[in-house]
Amino acid sequence: MTTTARYDAAQFPKPSLPALPVLSSLKLNRTASNTIPAGVLTCDHRVHVYSGRYAIFLALQCANINTGDRILVPAYHCLAMIEPLRLSGVEPIYYPLNADLSVTVTALAERIDQNVKAIIVVHYFGFPQNFQAIRHFADQHHLIMLEDCAHTCFGQTAGIAVGHLGDYAIASTMKFYPSVHGGILASAQHEIETDSLKKPSFAVEVKTLINSLELAHQYGRLAYFGQLLKMIAWLKLLVFKLKSTNANKVVSVNKTNQNHPPEYAMTPTWLNCQASRISQFLMQQTRITDLMQIRQAHYDQFLAALQNRRDCHPLYPIRTPEIVPQVFPLYVNNCLPVFVQLKQQGVPIIRFGEFLDQAVTTKTCQVSVDYSEHVLQFPCHQSLSGNEIDWIIRSLVCALDENS
Ligand SMILES: Cc1ncc(COP(=O)(O)O)c(C=O)c1O
């Protein structure tokens with residue numbers, strides 16, 4: 001895997017705003033109007049797991065994809081998608097993407113052999129894609145289709161909800177809901193056997209709640225709980241000197257630094273384990289309409305400010321009314337200095353695909369390598385206010401002006 005950093009990550013302060021949703025109100029949502037919109041969460045069969053990568057790991061098991069098998073994976077990926085394949089002994093075969101991140105079937109056909117058992121397709125950044133042709137291709141070649149909805153919980157194309165076309169779909173719910181962990185394995189086609197999955201202990205449930213509260217407090221979201229949270233943090237120290245058992249050891253294939261596991265690492269504790277009930281509870285309590293409308297408004301705020309510049313361009317310049325964006329992805333021509341300047345100022349930035357598997361080169365896919373180096377994603381989630389989005393935009397515009 002490519003490990004050469006293009007900068008020293010340690011030089012950056014912690015972002016001053018949360019990159020992912022955090023708890024911002026403890027008002028419980030008991031309204032009947034909290035109907036889940038069509039998407040991966042409305043698949044008939046679902047199981048909540050720790051995060052998206054654990055859902056991929058489980059999907060491989062459900063589909064009986066094992067050591068020696070191969071799987072088609074988009075060249076524009078993150079290492080968190082690859083880790084469950086490596087843990088399962090499954091070899092990724094990378095396929096190229098078009099500039100709008102769509103897939104061309106002929107590019108897949110060239111990569112098929114008898115060991116290829118499945119294909120992963122990704123709905124990037126909240127924008128659902130029409131994967132009917134890929135479904136067709138998968139059926140022709142007897143491949144399992146895994147729909148990666150980590151960025152796109154909601155939406156539909158051609159009348160089919162995301163997550164419903166694949167044999168299996170995965171979601172990374174912590175990207176949309178205010179919980180420190182959360183993922184889903186879903187299927188509209190196959191039952192998912194859950195009996196063999198462990199359930200988190202009570203201690204883990206409490207820890208999840210405390211971590212979610214603490215994170216919110218760190219970002220000043222639950223100020224009125226300040227004293228209570230200090231007490232909770234103290235209690236946590238006391239109670240959760242949780243035995244650092246072998247079970248918590250990182251099982252990443254990259255063993256270079258066990259003390260600081262890479263971000264994409266996976267732990268045995270959460271393999272074949274369901275998500276905490278707390279993370280599911282926090283999902284249920286989230287007001288869906290707020291989640292959708294605020295994300296859309298924030299996305300549009302970014303679009304309005306950045307769509308006519310010459311030094312950058314939004315990857316998706318049109319947001320149709322039903323799109324619920326995960327982030328605002330921006331192609332920045334002179335990316336590295338802009339990125340470094342913003343990080344130094346504490347601006348939250350997500351960089352999907354920043355590090356690609358070393359098997360991916362410009363020969364595999366020019367677009368993916370280009371996006372890996374030039375696309376920054378800015379959070380537009382519901383825990384940020386319009387003023388905070390304004391601050392991100394102002395900082396971004398300044399950094400762009402200074403580095404054009
Ligand atoms: C497209 C995609 N799939 C899967 C994953 C893994 O999800 P998680 O981080 O929830 O394990 C990610 C993580 O960012 C992702 O971006």
# chains A, B, ... in the order shown; residues from 1 in each chain; ligands from 1

$ residues_near_ligand --ligand "ligand 1" --cutoff "10 Å" --atoms "only C-alpha atoms and all ligand atoms" --output "MDAnalysis selection string"
chainID A and resid 49:57 74 76:84 120:125 147:152 170:175 181:184 263:266 350:353

$ residues_around --residues "Ile93 in chain A" --least-positions-apart "2" --cutoff "6 Å" --atoms "only C-alpha atoms" --output "list in words"
Ile71, Leu72 and Val73 of chain A

$ select_by_dssp --residues "range 294-330 of chain A" --states "strand (DSSP E or B)" --output "list in words"
Cys312, His313, Pro314, Val327, Phe328, Pro329 and Leu330 of chain A

$ residues_around --residues "range 338-340 of chain A" --least-positions-apart "2" --cutoff "7 Å" --atoms "only C-alpha atoms" --output "list in words"
Asn334, Cys335, Leu336, Leu342, Lys343, Gln344, Ala399, Leu400 and Asn403 of chain A

$ closest_atom_pairs --of "range 260-280 of chain A" --to "range 200-215 of chain A" --cutoff "8 Å" --atoms "only C-alpha atoms" --output "JSON lines"
{"residue": "A:Cys273", "atom": "CA", "partner": "A:Pro200", "partner_atom": "CA", "distance": 7.0}
{"residue": "A:Gln274", "atom": "CA", "partner": "A:Pro200", "partner_atom": "CA", "distance": 6.8}
{"residue": "A:Ala275", "atom": "CA", "partner": "A:Pro200", "partner_atom": "CA", "distance": 7.0}
{"residue": "A:Ser276", "atom": "CA", "partner": "A:Glu205", "partner_atom": "CA", "distance": 5.7}
{"residue": "A:Arg277", "atom": "CA", "partner": "A:Glu205", "partner_atom": "CA", "distance": 6.8}
{"residue": "A:Ile278", "atom": "CA", "partner": "A:Glu205", "partner_atom": "CA", "distance": 6.0}
{"residue": "A:Ser279", "atom": "CA", "partner": "A:Thr208", "partner_atom": "CA", "distance": 7.4}

$ residues_around --residues "range 137-140 of chain A" --least-positions-apart "3" --cutoff "10 Å" --atoms "only C-alpha atoms" --output "list of chain:residue names"
A:Val105, A:Thr106, A:Leu108, A:Ala109, A:Lys117, A:Ala118, A:Ile119, A:Phe131, A:Gln132, A:Ala133, A:Ile134, A:Leu143, A:Ile144, A:Met145, A:Gly166, A:Asp167

$ closest_residue --among "A:Leu315, A:Met231, A:Thr42, A:Pro15" --to "His164 in chain A" --atoms "only C-alpha atoms"
A:Thr42

$ residues_around --residues "His313 in chain A" --least-positions-apart "5" --cutoff "8 Å" --atoms "only C-alpha atoms" --output "list in words"
Leu306, Gln307, Asn308, Leu330, Tyr331 and Val332 of chain A

$ residues_around --residues "Pro348 in chain A" --least-positions-apart "6" --cutoff "7 Å" --atoms "only C-alpha atoms" --output "number ranges by chain"
A: 15, 17-19, 378

$ write_last_selection --atoms "N, CA and C atoms" --output "mmCIF file, in the first residue's frame"
data_model
loop_
_atom_site.group_PDB
_atom_site.id
_atom_site.type_symbol
_atom_site.label_atom_id
_atom_site.label_comp_id
_atom_site.auth_asym_id
_atom_site.auth_seq_id
_atom_site.Cartn_x
_atom_site.Cartn_y
_atom_site.Cartn_z
ATOM 1 N N PRO A 15 -9.122 19.486 14.315
ATOM 2 C CA PRO A 15 -10.076 20.406 13.667
ATOM 3 C C PRO A 15 -10.930 21.129 14.700
ATOM 4 N N LEU A 17 -13.899 22.139 14.233
ATOM 5 C CA LEU A 17 -15.300 21.741 14.074
ATOM 6 C C LEU A 17 -15.331 20.243 13.769
ATOM 7 N N PRO A 18 -16.424 19.577 14.134
ATOM 8 C CA PRO A 18 -16.446 18.117 13.915
ATOM 9 C C PRO A 18 -16.597 17.747 12.431
ATOM 10 N N ALA A 19 -15.783 16.799 11.995
ATOM 11 C CA ALA A 19 -15.849 16.349 10.596
ATOM 12 C C ALA A 19 -17.048 15.435 10.370
ATOM 13 N N PHE A 378 -15.415 18.594 2.163
ATOM 14 C CA PHE A 378 -15.743 19.426 3.317
ATOM 15 C C PHE A 378 -17.053 18.942 3.933
#

$ atom_distance --atom1 "CA of Asp44 in chain A" --atom2 "CA of Ala188 in chain A"
5.4 Å

$ atom_distance --atom1 "CA of Gln366 in chain A" --atom2 "CA of Glu110 in chain A"
17.0 Å

$ atom_distance --atom1 "CA of Asp311 in chain A" --atom2 "CA of Leu396 in chain A"
11.6 Å
